[in-house]
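Below is work.csv, which holds CSV, C-alpha atoms and all ligand atoms.
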chain,number,residue,atom,x,y,z
B,1,MET,CA,-167.4,-35.1,-58.6
B,2,LYS,CA,-166.9,-31.3,-58.8
B,3,ASP,CA,-170.4,-30.9,-57.4
B,4,SER,CA,-169.6,-32.8,-54.2
B,5,PRO,CA,-170.2,-30.2,-51.4
B,6,GLU,CA,-168.4,-32.6,-49.0
B,7,LEU,CA,-165.2,-32.7,-51.1
B,8,GLU,CA,-165.4,-28.9,-51.6
B,9,ARG,CA,-165.6,-28.4,-47.8
B,10,TRP,CA,-162.4,-30.5,-47.4
B,11,MET,CA,-160.7,-28.7,-50.2
B,12,ARG,CA,-161.5,-25.4,-48.4
B,13,GLN,CA,-160.0,-26.8,-45.3
B,14,ALA,CA,-156.8,-27.8,-47.2
B,15,LEU,CA,-156.6,-24.2,-48.6
B,16,ALA,CA,-156.9,-22.8,-45.1
B,17,LEU,CA,-154.1,-25.2,-43.9
B,18,ALA,CA,-151.9,-24.1,-46.8
B,19,GLU,CA,-152.3,-20.5,-45.8
B,20,GLN,CA,-150.4,-21.2,-42.6
B,21,GLY,CA,-147.2,-21.6,-44.5
B,22,ARG,CA,-147.3,-18.1,-45.9
B,23,GLY,CA,-143.9,-16.4,-45.4
B,24,ALA,CA,-142.2,-19.6,-44.5
B,25,VAL,CA,-142.3,-21.7,-47.7
B,26,GLU,CA,-141.5,-19.2,-50.5
B,27,PRO,CA,-140.2,-19.5,-53.2
B,28,ASN,CA,-142.1,-22.8,-52.9
B,29,PRO,CA,-145.9,-22.8,-53.2
B,30,LEU,CA,-148.3,-22.9,-50.3
B,31,VAL,CA,-149.9,-26.3,-50.1
B,32,GLY,CA,-152.4,-28.0,-47.8
B,33,ALA,CA,-153.7,-31.5,-47.8
B,34,VAL,CA,-156.5,-33.6,-46.2
B,35,VAL,CA,-156.8,-37.4,-46.2
B,36,LEU,CA,-160.1,-39.2,-46.0
B,37,ASP,CA,-160.3,-42.9,-45.3
B,38,ALA,CA,-162.0,-45.4,-47.6
B,39,ALA,CA,-165.3,-44.7,-45.9
B,40,GLY,CA,-164.9,-40.9,-46.6
B,41,GLN,CA,-164.1,-40.1,-42.9
B,42,PHE,CA,-161.4,-37.6,-42.0
B,43,ALA,CA,-158.1,-39.4,-41.4
B,44,GLY,CA,-155.3,-36.8,-41.4
B,45,GLN,CA,-154.2,-33.4,-42.6
B,46,GLY,CA,-151.0,-31.4,-43.1
B,47,TRP,CA,-149.4,-28.4,-44.8
B,48,HIS,CA,-146.1,-27.4,-46.3
B,49,GLN,CA,-144.6,-25.7,-43.3
B,50,ARG,CA,-141.2,-24.4,-44.3
B,51,PHE,CA,-139.0,-24.1,-47.4
B,52,GLY,CA,-136.9,-27.4,-47.8
B,53,GLY,CA,-139.2,-29.2,-45.3
B,54,PRO,CA,-141.6,-32.1,-46.0
B,55,HIS,CA,-144.5,-31.4,-48.4
B,56,ALA,CA,-148.2,-31.2,-47.2
B,57,GLU,CA,-149.0,-34.6,-48.6
B,58,VAL,CA,-146.3,-36.3,-46.5
B,59,PHE,CA,-147.6,-34.7,-43.3
B,60,ALA,CA,-151.2,-35.6,-44.1
B,61,LEU,CA,-150.4,-39.2,-45.1
B,62,ALA,CA,-148.3,-39.7,-41.9
B,63,ALA,CA,-151.2,-38.4,-39.8
B,64,ALA,CA,-153.6,-40.8,-41.5
B,65,GLY,CA,-151.3,-43.8,-41.3
B,66,GLU,CA,-152.9,-47.1,-42.3
B,67,ARG,CA,-156.3,-45.3,-42.7
B,68,ALA,CA,-155.0,-43.8,-45.9
B,69,ARG,CA,-155.2,-47.2,-47.7
B,70,GLY,CA,-158.1,-47.0,-50.2
B,71,GLY,CA,-158.8,-43.4,-49.2
B,72,THR,CA,-158.8,-40.0,-50.9
B,73,LEU,CA,-156.1,-37.3,-50.8
B,74,ILE,CA,-157.5,-33.8,-51.2
B,75,VAL,CA,-154.6,-31.4,-52.1
B,76,THR,CA,-154.4,-27.8,-53.1
B,77,LEU,CA,-151.7,-28.4,-55.8
B,78,GLU,CA,-150.6,-31.2,-58.0
B,79,PRO,CA,-148.3,-33.6,-56.0
B,80,CYS,CA,-144.7,-33.4,-57.1
B,81,CYS,CA,-143.0,-36.2,-59.0
B,82,HIS,CA,-139.4,-35.2,-58.9
B,83,HIS,CA,-136.6,-35.4,-56.4
B,84,GLY,CA,-136.2,-31.8,-55.1
B,85,LYS,CA,-135.2,-31.0,-51.6
B,86,THR,CA,-137.5,-34.0,-50.6
B,87,PRO,CA,-138.4,-37.2,-52.3
B,88,PRO,CA,-141.4,-37.2,-54.8
B,89,CYS,CA,-144.8,-37.1,-53.2
B,90,THR,CA,-146.3,-39.3,-55.9
B,91,GLY,CA,-144.2,-42.2,-54.4
B,92,ALA,CA,-145.5,-41.5,-50.9
B,93,ILE,CA,-149.1,-41.4,-52.2
B,94,LEU,CA,-148.7,-44.8,-54.0
B,95,ASP,CA,-146.9,-46.4,-51.0
B,96,ALA,CA,-149.8,-45.3,-48.8
B,97,GLY,CA,-152.3,-47.0,-51.1
B,98,ILE,CA,-154.4,-43.9,-51.8
B,99,ALA,CA,-157.2,-44.7,-54.3
B,100,ARG,CA,-158.2,-41.2,-55.3
B,101,VAL,CA,-156.5,-37.8,-55.6
B,102,VAL,CA,-158.5,-34.6,-55.8
B,103,ALA,CA,-156.2,-31.7,-56.7
B,104,ALA,CA,-157.3,-28.0,-57.0
B,105,MET,CA,-154.8,-27.3,-59.8
B,106,SER,CA,-151.9,-28.7,-61.7
B,107,ASP,CA,-148.4,-27.3,-60.8
B,108,PRO,CA,-146.8,-25.3,-63.6
B,109,PHE,CA,-143.4,-25.9,-62.0
B,110,PRO,CA,-141.4,-27.2,-65.0
B,111,GLN,CA,-140.3,-30.4,-63.3
B,112,VAL,CA,-143.9,-31.2,-62.4
B,113,ALA,CA,-146.3,-29.6,-65.0
B,114,GLY,CA,-148.8,-32.4,-65.1
B,115,GLY,CA,-146.2,-35.2,-64.6
B,116,GLY,CA,-147.4,-35.9,-61.0
B,117,LEU,CA,-151.0,-36.4,-62.0
B,118,SER,CA,-150.1,-38.6,-65.0
B,119,GLN,CA,-147.8,-40.7,-62.9
B,120,LEU,CA,-150.7,-41.3,-60.4
B,121,ARG,CA,-153.2,-42.1,-63.2
B,122,ALA,CA,-150.7,-44.5,-64.8
B,123,ALA,CA,-150.5,-46.3,-61.4
B,124,GLY,CA,-154.3,-46.7,-61.4
B,125,VAL,CA,-155.2,-43.9,-59.0
B,126,GLU,CA,-158.4,-42.0,-59.8
B,127,VAL,CA,-157.4,-38.3,-60.3
B,128,HIS,CA,-159.6,-35.2,-60.4
B,129,VAL,CA,-158.2,-31.7,-61.0
B,130,GLY,CA,-159.9,-28.3,-60.7
B,131,LEU,CA,-161.9,-28.3,-57.5
B,132,CYS,CA,-161.7,-24.7,-56.1
B,133,GLU,CA,-159.1,-23.9,-58.7
B,134,ALA,CA,-159.7,-20.1,-58.7
B,135,GLU,CA,-159.1,-20.0,-54.9
B,136,ALA,CA,-156.0,-22.2,-55.2
B,137,ARG,CA,-154.6,-19.8,-57.9
B,138,GLN,CA,-155.3,-16.8,-55.7
B,139,LEU,CA,-153.6,-18.5,-52.7
B,140,ASN,CA,-150.4,-19.0,-54.8
B,141,ALA,CA,-150.6,-15.9,-57.0
B,142,PRO,CA,-147.1,-14.7,-56.0
B,143,TYR,CA,-145.6,-18.2,-56.7
B,144,LEU,CA,-147.4,-18.4,-60.0
B,145,LYS,CA,-146.3,-14.8,-61.0
B,146,LEU,CA,-142.7,-15.6,-60.2
B,147,LEU,CA,-142.9,-18.8,-62.2
B,148,HIS,CA,-144.6,-17.3,-65.2
B,149,THR,CA,-142.9,-13.9,-65.4
B,150,GLY,CA,-139.6,-14.1,-63.4
B,151,ARG,CA,-140.8,-11.1,-61.4
B,152,PRO,CA,-141.9,-11.0,-57.7
B,153,TRP,CA,-145.4,-10.1,-56.5
B,154,VAL,CA,-145.2,-6.4,-55.6
B,155,HIS,CA,-147.1,-5.1,-52.5
B,156,ALA,CA,-147.4,-1.3,-52.1
B,157,LYS,CA,-148.0,0.1,-48.6
B,158,TRP,CA,-148.6,3.6,-47.3
B,159,ALA,CA,-150.2,5.3,-44.4
B,160,MET,CA,-152.0,8.6,-45.1
B,161,SER,CA,-154.2,11.2,-43.5
B,162,LEU,CA,-157.9,11.5,-44.3
B,163,ASP,CA,-157.0,14.1,-46.8
B,164,GLY,CA,-154.5,11.9,-48.6
B,165,LYS,CA,-151.1,13.1,-47.2
B,166,ILE,CA,-148.2,10.9,-46.3
B,167,ALA,CA,-146.3,13.7,-44.5
B,168,THR,CA,-147.0,17.3,-43.5
B,169,HIS,CA,-145.7,20.2,-45.6
B,170,THR,CA,-142.6,20.4,-43.3
B,171,GLY,CA,-141.9,16.6,-43.9
B,172,ASP,CA,-143.1,15.4,-40.5
B,173,SER,CA,-144.5,11.9,-41.0
B,174,GLN,CA,-143.9,9.9,-37.8
B,175,TRP,CA,-146.4,8.7,-37.1
B,176,ILE,CA,-149.4,9.1,-39.4
B,177,SER,CA,-151.0,5.8,-38.4
B,178,GLY,CA,-151.4,4.4,-35.0
B,179,GLU,CA,-149.7,1.5,-33.2
B,180,ALA,CA,-152.2,-1.2,-34.2
B,181,ALA,CA,-151.7,-0.3,-37.9
B,182,ARG,CA,-147.9,-0.3,-37.5
B,183,ARG,CA,-148.2,-3.8,-36.0
B,184,VAL,CA,-149.9,-5.0,-39.2
B,185,VAL,CA,-147.1,-3.5,-41.2
B,186,HIS,CA,-144.5,-5.4,-39.1
B,187,GLN,CA,-146.4,-8.6,-39.7
B,188,LEU,CA,-146.3,-7.9,-43.5
B,189,ARG,CA,-142.6,-7.1,-43.3
B,190,GLY,CA,-142.0,-10.5,-41.6
B,191,ARG,CA,-143.2,-12.4,-44.6
B,192,MET,CA,-141.4,-10.4,-47.4
B,193,ASP,CA,-138.3,-11.1,-49.4
B,194,ALA,CA,-137.5,-7.4,-49.8
B,195,ILE,CA,-138.7,-4.1,-48.4
B,196,LEU,CA,-138.1,-1.1,-50.7
B,197,VAL,CA,-137.7,2.6,-50.0
B,198,GLY,CA,-136.4,5.5,-52.0
B,199,ARG,CA,-133.6,7.8,-51.0
B,200,GLY,CA,-136.0,10.5,-49.8
B,201,THR,CA,-137.5,8.2,-47.2
B,202,VAL,CA,-134.0,7.2,-45.9
B,203,VAL,CA,-133.1,10.9,-45.5
B,204,ALA,CA,-136.5,12.0,-44.0
B,205,ASP,CA,-137.3,9.0,-41.7
B,206,ASP,CA,-134.0,7.1,-41.2
B,207,PRO,CA,-136.1,3.8,-41.1
B,208,LEU,CA,-134.8,0.4,-40.0
B,209,LEU,CA,-137.3,-1.6,-42.1
B,210,THR,CA,-137.0,-4.7,-40.0
B,211,ALA,CA,-140.0,-6.8,-38.8
B,212,ARG,CA,-140.5,-6.3,-35.0
B,213,PRO,CA,-141.2,-8.9,-33.7
B,214,ALA,CA,-139.5,-11.0,-36.3
B,215,GLY,CA,-141.6,-13.0,-38.8
B,216,PRO,CA,-141.0,-16.2,-40.6
B,217,ARG,CA,-138.4,-14.6,-42.9
B,218,VAL,CA,-135.9,-11.8,-42.9
B,219,ALA,CA,-136.4,-9.4,-45.8
B,220,ALA,CA,-133.5,-7.7,-47.6
B,221,ARG,CA,-133.8,-3.9,-47.0
B,222,VAL,CA,-133.6,-2.2,-50.4
B,223,VAL,CA,-132.8,1.4,-51.1
B,224,VAL,CA,-133.4,2.8,-54.5
B,225,SER,CA,-131.3,5.8,-55.3
B,226,ALA,CA,-130.2,6.6,-58.8
B,227,SER,CA,-127.9,9.4,-57.5
B,228,GLY,CA,-126.3,7.2,-54.8
B,229,GLN,CA,-126.3,10.3,-52.6
B,230,LEU,CA,-127.2,8.5,-49.4
B,231,PRO,CA,-126.4,9.8,-45.9
B,232,ASP,CA,-123.2,8.5,-44.2
B,233,GLN,CA,-124.9,8.2,-40.9
B,234,CYS,CA,-128.2,6.2,-40.9
B,235,ARG,CA,-129.7,3.1,-39.3
B,236,LEU,CA,-129.8,1.1,-42.5
B,237,ARG,CA,-126.1,1.5,-43.1
B,238,GLN,CA,-125.3,0.9,-39.4
B,239,THR,CA,-127.2,-2.4,-39.3
B,240,ALA,CA,-126.2,-3.7,-42.8
B,241,ARG,CA,-124.4,-6.6,-41.2
B,242,ASP,CA,-127.4,-7.6,-39.1
B,243,ALA,CA,-129.9,-8.0,-41.9
B,244,PRO,CA,-129.2,-7.5,-45.6
B,245,VAL,CA,-129.2,-4.1,-47.2
B,246,ILE,CA,-129.1,-3.7,-51.0
B,247,VAL,CA,-128.8,-0.4,-52.8
B,248,TYR,CA,-129.9,-0.1,-56.5
B,249,THR,CA,-128.0,2.8,-58.1
B,250,THR,CA,-126.4,4.2,-61.2
B,251,HIS,CA,-123.7,5.8,-59.1
B,252,PRO,CA,-121.9,3.0,-57.2
B,253,GLU,CA,-118.7,5.0,-56.8
B,254,ARG,CA,-120.5,7.2,-54.2
B,255,LEU,CA,-121.4,4.1,-52.1
B,256,ALA,CA,-118.0,2.7,-51.2
B,257,GLY,CA,-118.6,3.4,-47.5
B,258,TRP,CA,-122.0,1.6,-47.6
B,259,ALA,CA,-120.3,-1.4,-49.3
B,260,ALA,CA,-117.5,-1.4,-46.7
B,261,ASP,CA,-120.2,-1.5,-43.9
B,262,GLY,CA,-121.8,-4.6,-45.5
B,263,ALA,CA,-124.4,-3.3,-47.9
B,264,GLU,CA,-124.6,-4.9,-51.3
B,265,ILE,CA,-124.5,-2.3,-54.1
B,266,VAL,CA,-126.2,-3.3,-57.4
B,267,ALA,CA,-125.0,-1.0,-60.1
B,268,PHE,CA,-126.8,-0.3,-63.4
B,269,SER,CA,-125.7,2.1,-66.1
B,270,SER,CA,-128.3,4.8,-66.5
B,271,HIS,CA,-129.0,3.3,-70.0
B,272,ASP,CA,-129.9,-0.1,-68.5
B,273,TRP,CA,-131.6,1.2,-65.4
B,274,SER,CA,-135.4,0.8,-65.0
B,275,VAL,CA,-137.9,-0.4,-62.4
B,276,GLU,CA,-138.4,-3.4,-64.7
B,277,ALA,CA,-134.7,-4.2,-64.6
B,278,MET,CA,-134.7,-4.1,-60.8
B,279,LEU,CA,-137.7,-6.4,-60.7
B,280,ALA,CA,-136.0,-8.8,-63.0
B,281,ASN,CA,-133.0,-8.7,-60.7
B,282,PHE,CA,-135.3,-9.6,-57.8
B,283,GLY,CA,-136.7,-12.5,-59.8
B,284,GLN,CA,-133.2,-13.8,-60.4
B,285,ARG,CA,-132.8,-13.9,-56.6
B,286,ARG,CA,-136.1,-15.8,-56.5
B,287,PHE,CA,-137.8,-13.1,-54.4
B,288,THR,CA,-141.5,-14.0,-54.3
B,289,ASN,CA,-142.9,-11.0,-52.4
B,290,VAL,CA,-141.6,-7.5,-52.2
B,291,LEU,CA,-143.1,-4.6,-50.2
B,292,VAL,CA,-142.7,-1.0,-51.4
B,293,GLU,CA,-142.9,1.3,-48.4
B,294,GLY,CA,-142.5,4.6,-50.3
B,295,GLY,CA,-142.1,7.5,-50.5
B,296,ALA,CA,-144.1,9.2,-53.2
B,297,GLY,CA,-141.2,9.2,-55.7
B,298,LEU,CA,-140.5,5.5,-55.5
B,299,LEU,CA,-144.2,4.5,-55.3
B,300,GLY,CA,-144.9,6.7,-58.3
B,301,ALA,CA,-142.1,5.1,-60.4
B,302,ILE,CA,-143.4,1.6,-59.5
B,303,PHE,CA,-147.0,2.6,-60.2
B,304,ASP,CA,-146.1,4.2,-63.5
B,305,ALA,CA,-144.3,1.0,-64.4
B,306,GLY,CA,-147.6,-0.9,-63.8
B,307,ALA,CA,-145.8,-3.1,-61.3
B,308,VAL,CA,-148.1,-3.0,-58.2
B,309,ASP,CA,-150.1,-6.2,-57.6
B,310,GLU,CA,-151.4,-5.6,-54.1
B,311,PHE,CA,-152.2,-2.6,-52.0
B,312,HIS,CA,-152.1,-2.1,-48.2
B,313,VAL,CA,-153.3,1.4,-47.3
B,314,PHE,CA,-153.8,2.7,-43.8
B,315,ILE,CA,-156.0,5.8,-43.5
B,316,ALA,CA,-155.8,7.8,-40.3
B,317,PRO,CA,-158.6,10.0,-39.0
B,318,LYS,CA,-156.4,13.1,-39.2
B,319,VAL,CA,-156.5,16.0,-41.6
B,320,LEU,CA,-153.1,17.7,-42.4
B,321,GLY,CA,-153.9,20.0,-45.3
B,322,GLY,CA,-151.2,21.9,-47.2
B,323,ALA,CA,-150.8,22.0,-50.9
B,324,ALA,CA,-147.1,21.2,-50.5
B,325,ALA,CA,-147.7,18.1,-48.3
B,326,PRO,CA,-147.0,15.0,-50.3
B,327,SER,CA,-149.5,12.4,-51.4
B,328,PRO,CA,-148.7,8.7,-51.5
B,329,VAL,CA,-148.1,8.1,-55.2
B,330,GLY,CA,-146.0,10.5,-57.3
B,331,GLY,CA,-144.7,9.8,-60.7
B,332,SER,CA,-146.5,10.9,-63.9
B,333,GLY,CA,-149.8,9.2,-62.9
B,334,ARG,CA,-152.7,8.5,-65.2
B,335,ALA,CA,-154.2,11.2,-67.4
B,336,THR,CA,-157.9,10.3,-67.3
B,337,LEU,CA,-160.2,8.6,-64.9
B,338,VAL,CA,-160.8,5.7,-67.3
B,339,GLU,CA,-157.1,4.9,-67.1
B,340,ALA,CA,-157.3,4.7,-63.2
B,341,LEU,CA,-156.0,1.5,-61.7
B,342,MET,CA,-159.0,-0.2,-60.1
B,343,LEU,CA,-158.7,-2.5,-57.1
B,344,GLU,CA,-160.6,-5.7,-56.7
B,345,ARG,CA,-161.2,-8.1,-53.9
B,346,PHE,CA,-160.7,-5.2,-51.5
B,347,GLN,CA,-161.5,-5.4,-47.9
B,348,VAL,CA,-161.9,-2.5,-45.4
B,349,GLN,CA,-161.1,-3.2,-41.9
B,350,PRO,CA,-160.8,-1.0,-38.8
B,351,VAL,CA,-157.4,-1.4,-37.2
B,352,GLY,CA,-157.1,0.5,-33.9
B,353,GLU,CA,-158.1,4.1,-34.7
B,354,ASP,CA,-157.2,3.7,-38.4
B,355,VAL,CA,-158.8,2.0,-41.4
B,356,TYR,CA,-156.9,-0.7,-43.3
B,357,LEU,CA,-157.9,-1.0,-47.0
B,358,HIS,CA,-156.4,-4.0,-48.7
B,359,GLY,CA,-157.0,-5.0,-52.3
B,360,LEU,CA,-155.5,-6.4,-55.5
B,361,ALA,CA,-154.7,-4.4,-58.6
B,362,ARG,CA,-157.2,-5.3,-61.4
B,363,ARG,CA,-155.2,-5.7,-64.6
B,364,ARG,CA,-156.5,-6.3,-68.0
B,365,ASP,CA,-153.1,-7.6,-69.1
B,366,ALA,CA,-152.6,-9.7,-65.9
B,367,VAL,CA,-150.9,-13.0,-66.4
B,368,SER,CA,-153.3,-15.8,-65.6
B,369,VAL,CA,-152.5,-16.5,-62.0
F,401,LIG,N1,-146.7,7.8,-44.6
F,401,LIG,C1,-146.0,6.9,-45.2
F,401,LIG,O1,-146.5,5.7,-45.4
F,401,LIG,C2,-144.6,7.2,-45.8
F,401,LIG,C3,-143.8,6.1,-46.2
F,401,LIG,C4,-142.6,6.5,-46.7
F,401,LIG,C5,-142.2,7.8,-46.9
F,401,LIG,N2,-143.0,8.7,-46.4
F,401,LIG,C6,-142.6,10.1,-46.5
F,401,LIG,O2,-142.4,10.4,-47.9
F,401,LIG,C7,-141.4,11.4,-48.0
F,401,LIG,C8,-140.3,11.0,-48.9
F,401,LIG,O3,-140.9,10.9,-50.2
F,401,LIG,P1,-140.0,11.2,-51.5
F,401,LIG,O4,-140.9,11.1,-52.7
F,401,LIG,O5,-139.2,12.4,-51.3
F,401,LIG,O6,-139.0,10.0,-51.4
F,401,LIG,P2,-138.7,8.5,-51.9
F,401,LIG,O7,-139.7,8.1,-52.9
F,401,LIG,O8,-138.5,7.7,-50.7
F,401,LIG,O9,-137.3,8.8,-52.6
F,401,LIG,C9,-137.2,9.5,-53.8
F,401,LIG,C10,-135.9,9.1,-54.3
F,401,LIG,O10,-135.8,7.7,-54.5
F,401,LIG,C11,-135.0,7.4,-55.7
F,401,LIG,N3,-135.9,6.9,-56.7
F,401,LIG,C12,-137.3,6.8,-56.7
F,401,LIG,N4,-137.7,6.3,-57.8
F,401,LIG,C13,-136.6,6.0,-58.5
F,401,LIG,C14,-136.4,5.4,-59.8
F,401,LIG,N5,-137.4,5.0,-60.5
F,401,LIG,N6,-135.2,5.2,-60.2
F,401,LIG,C15,-134.1,5.6,-59.4
F,401,LIG,N7,-134.2,6.2,-58.2
F,401,LIG,C16,-135.5,6.4,-57.8
F,401,LIG,C17,-134.5,8.8,-56.1
F,401,LIG,O11,-133.2,8.9,-55.5
F,401,LIG,P3,-132.0,9.8,-56.1
F,401,LIG,O12,-132.5,11.2,-56.0
F,401,LIG,O13,-130.9,9.4,-55.2
F,401,LIG,O14,-131.8,9.3,-57.5
F,401,LIG,C18,-135.5,9.8,-55.6
F,401,LIG,O15,-135.0,11.0,-55.5
F,401,LIG,C19,-140.9,11.7,-46.6
F,401,LIG,O16,-141.5,12.8,-46.1
F,401,LIG,C20,-141.3,10.5,-45.9
F,401,LIG,O17,-141.5,10.7,-44.5
F,401,LIG,C21,-144.2,8.5,-45.9
Just give me the structure of the file as structure tokens.
Amino acid sequence: MKDSPELERWMRQALALAEQGRGAVEPNPLVGAVVLDAAGQFAGQGWHQRFGGPHAEVFALAAAGERARGGTLIVTLEPCCHHGKTPPCTGAILDAGIARVVAAMSDPFPQVAGGGLSQLRAAGVEVHVGLCEAEARQLNAPYLKLLHTGRPWVHAKWAMSLDGKIATHTGDSQWISGEAARRVVHQLRGRMDAILVGRGTVVADDPLLTARPAGPRVAARVVVSASGQLPDQCRLRQTARDAPVIVYTTHPERLAGWAADGAEIVAFSSHDWSVEAMLANFGQRRFTNVLVEGGAGLLGAIFDAGAVDEFHVFIAPKVLGGAAAPSPVGGSGRATLVEALMLERFQVQPVGEDVYLHGLARRRDAVSV
């Protein structure tokens, strides 16, 4: 069965469909489905389109109608068998008279975890699991990480000059990258649960950190500042009632004005504070994807904590020079080249006048996603 190139082609179509839900379905998984009729002809397709909405199987079965009877459902994730925000998909599959289910992977979600597949088998449906499993795991890497570790998928983004500077030695940084690259960043922002900057970036750049135009979700704008010495006048504070602003600090007493203006202040004692504690707090909020936008101090702390999963780097064809001009990742860094964090699956793409380098952190200790 696994060798069937025809089924593999349909599974790839289901994976591509699932991708369309990115940013709209989290913390749910991305799921796509295709229905073939009893003769193996295409009968319908669908994908999970938004959190709380119908699942992919329901859309695909509805599109196929009576042609689903005796047919095959090809789906990127094990169908659910529990009453969540919607009724169980296993019921819809059995009602539709599907004879065979081909799933890319089982769903580790505790209320499913193989239960959907065994329910279908028990009802006499032929079930196959594992077609294009690696691709399906990659598709849902953030969902799987949150489920397995209670931590979000961490994206790091920066724009730098050809000589690896994120600002000039005088602190001028707007803009290193061009308009096309900044459009890509806004698209990224529009599918995040949180966007993080350190105090230095708030002071230097006074960023708004919103997605313009808006994307499928509105990210919380997070400022990390142990000292709590944030400016009284800045755009994040002024717009804290328009889109969430959260400050992580060990000095909440300095941020009463920010709280009064609508920001949420998350206080840690200096003893309990760590990047890891902040990520755990994100996990409790069920943040699936977070984007660290800098500067060097915060990116360094997150890098030193081994927390970056995915990189988005924009390289501008400009040379700034200057020994005092900052580079993207501060912190302690790695001592030797063998310890360097390597990227995998990276793609290099021209964006306007800049180059966009995108890749995943290769980790020996990675959870199996
Ligand atoms: N080109 C780009 O893509 C880009 C992007 C962003 C920023 N930048 C540039 O980067 C420069 C700012 O960089 P930066 O390194 O000075 O600023 P930063 O990383 O934005 O902020 C550093 C501050 O963040 C807080 N912080 C960072 N890590 C922390 C941790 N682990 N725990 C607690 N607090 C932590 C600290 O605040 P407290 O001191 O309050 O404790 C620290 O002083 C600016 O010139 C800006 O324009 C460039």
Where does chain B meet ligand LIG 401 (chain F) within 7 Å, residue by residue, with the nearest atom pair and distance in Å to one decimal for each, counting all atoms listed in the file, listed by chain and rising number, as a tab-separated table?
residue	atom	partner	partner_atom	distance
B:Lys157	CA	F:LIG401	O1	6.6
B:Trp158	CA	F:LIG401	O1	3.5
B:Ala159	CA	F:LIG401	O1	3.9
B:Met160	CA	F:LIG401	N1	5.4
B:Ile166	CA	F:LIG401	N1	3.8
B:Ala167	CA	F:LIG401	O16	5.1
B:Gly171	CA	F:LIG401	O16	4.4
B:Asp172	CA	F:LIG401	O17	6.4
B:Ser173	CA	F:LIG401	O17	4.8
B:Ile176	CA	F:LIG401	N1	6.0
B:Val197	CA	F:LIG401	O8	5.2
B:Gly198	CA	F:LIG401	O8	3.3
B:Arg199	CA	F:LIG401	O10	4.1
B:Gly200	CA	F:LIG401	O6	3.4
B:Thr201	CA	F:LIG401	O8	3.7
B:Val202	CA	F:LIG401	O8	6.6
B:Ala204	CA	F:LIG401	C19	5.1
B:Asp205	CA	F:LIG401	O17	5.3
B:Val224	CA	F:LIG401	C11	5.0
B:Ser225	CA	F:LIG401	O13	3.6
B:Ala226	CA	F:LIG401	O14	3.4
B:Ser227	CA	F:LIG401	O13	3.8
B:Gly228	CA	F:LIG401	O13	5.1
B:Gln229	CA	F:LIG401	O13	5.4
B:Leu230	CA	F:LIG401	O13	6.9
B:Thr249	CA	F:LIG401	C15	6.8
B:Ser274	CA	F:LIG401	N5	6.5
B:Val275	CA	F:LIG401	N5	5.7
B:Glu293	CA	F:LIG401	C3	5.4
B:Gly294	CA	F:LIG401	C4	4.1
B:Gly295	CA	F:LIG401	O7	3.4
B:Ala296	CA	F:LIG401	O4	3.8
B:Gly297	CA	F:LIG401	O7	3.4
B:Leu298	CA	F:LIG401	C12	3.7
B:Leu299	CA	F:LIG401	O7	6.2
B:Ala301	CA	F:LIG401	N5	4.7
B:Ile302	CA	F:LIG401	N5	7.0
B:Pro326	CA	F:LIG401	O2	6.9
B:Gly330	CA	F:LIG401	O4	6.9
Open item on the list: I need the residue nearest Gln41 (chain B) from this list: B:Gly71, B:Gly359, B:Pro207, B:Pro5. Use all atoms listed in the file for the distance.
Closed with: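 Of B:Gly71, B:Gly359, B:Pro207, B:Pro5, the one nearest Gln41 (chain B) is B:Gly71, counting all atoms listed in the file.
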Task: Which of B:Val338, B:Ala180, B:Leu120, B:Ala33 sits closest to Ile74 (chain B) [using all atoms listed in the file] - done: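 Of B:Val338, B:Ala180, B:Leu120, B:Ala33, the one nearest Ile74 (chain B) is B:Ala33, counting all atoms listed in the file.
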TODO: For the point (-147.6, -26.3, -60.9) in the file's frame, write as number ranges by chain all residues with an atom no more than 12 Å away, counting all atoms listed in the file.
DONE: B: 28-31, 76-81, 103-117, 129, 133, 136-137, 140-141, 143-148, 369
Restrict the selected residues to C-alpha atoms and save them as a compact mmCIF listing (two decimals), in the coordinates of the input.
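Result file is part25.txt:
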# COMPACT_ATOMS: atom_id res chain seq x y z
CA ASN B 28 -142.10 -22.80 -52.90
CA PRO B 29 -145.90 -22.80 -53.20
CA LEU B 30 -148.30 -22.90 -50.30
CA VAL B 31 -149.90 -26.30 -50.10
CA THR B 76 -154.40 -27.80 -53.10
CA LEU B 77 -151.70 -28.40 -55.80
CA GLU B 78 -150.60 -31.20 -58.00
CA PRO B 79 -148.30 -33.60 -56.00
CA CYS B 80 -144.70 -33.40 -57.10
CA CYS B 81 -143.00 -36.20 -59.00
CA ALA B 103 -156.20 -31.70 -56.70
CA ALA B 104 -157.30 -28.00 -57.00
CA MET B 105 -154.80 -27.30 -59.80
CA SER B 106 -151.90 -28.70 -61.70
CA ASP B 107 -148.40 -27.30 -60.80
CA PRO B 108 -146.80 -25.30 -63.60
CA PHE B 109 -143.40 -25.90 -62.00
CA PRO B 110 -141.40 -27.20 -65.00
CA GLN B 111 -140.30 -30.40 -63.30
CA VAL B 112 -143.90 -31.20 -62.40
CA ALA B 113 -146.30 -29.60 -65.00
CA GLY B 114 -148.80 -32.40 -65.10
CA GLY B 115 -146.20 -35.20 -64.60
CA GLY B 116 -147.40 -35.90 -61.00
CA LEU B 117 -151.00 -36.40 -62.00
CA VAL B 129 -158.20 -31.70 -61.00
CA GLU B 133 -159.10 -23.90 -58.70
CA ALA B 136 -156.00 -22.20 -55.20
CA ARG B 137 -154.60 -19.80 -57.90
CA ASN B 140 -150.40 -19.00 -54.80
CA ALA B 141 -150.60 -15.90 -57.00
CA TYR B 143 -145.60 -18.20 -56.70
CA LEU B 144 -147.40 -18.40 -60.00
CA LYS B 145 -146.30 -14.80 -61.00
CA LEU B 146 -142.70 -15.60 -60.20
CA LEU B 147 -142.90 -18.80 -62.20
CA HIS B 148 -144.60 -17.30 -65.20
CA VAL B 369 -152.50 -16.50 -62.00
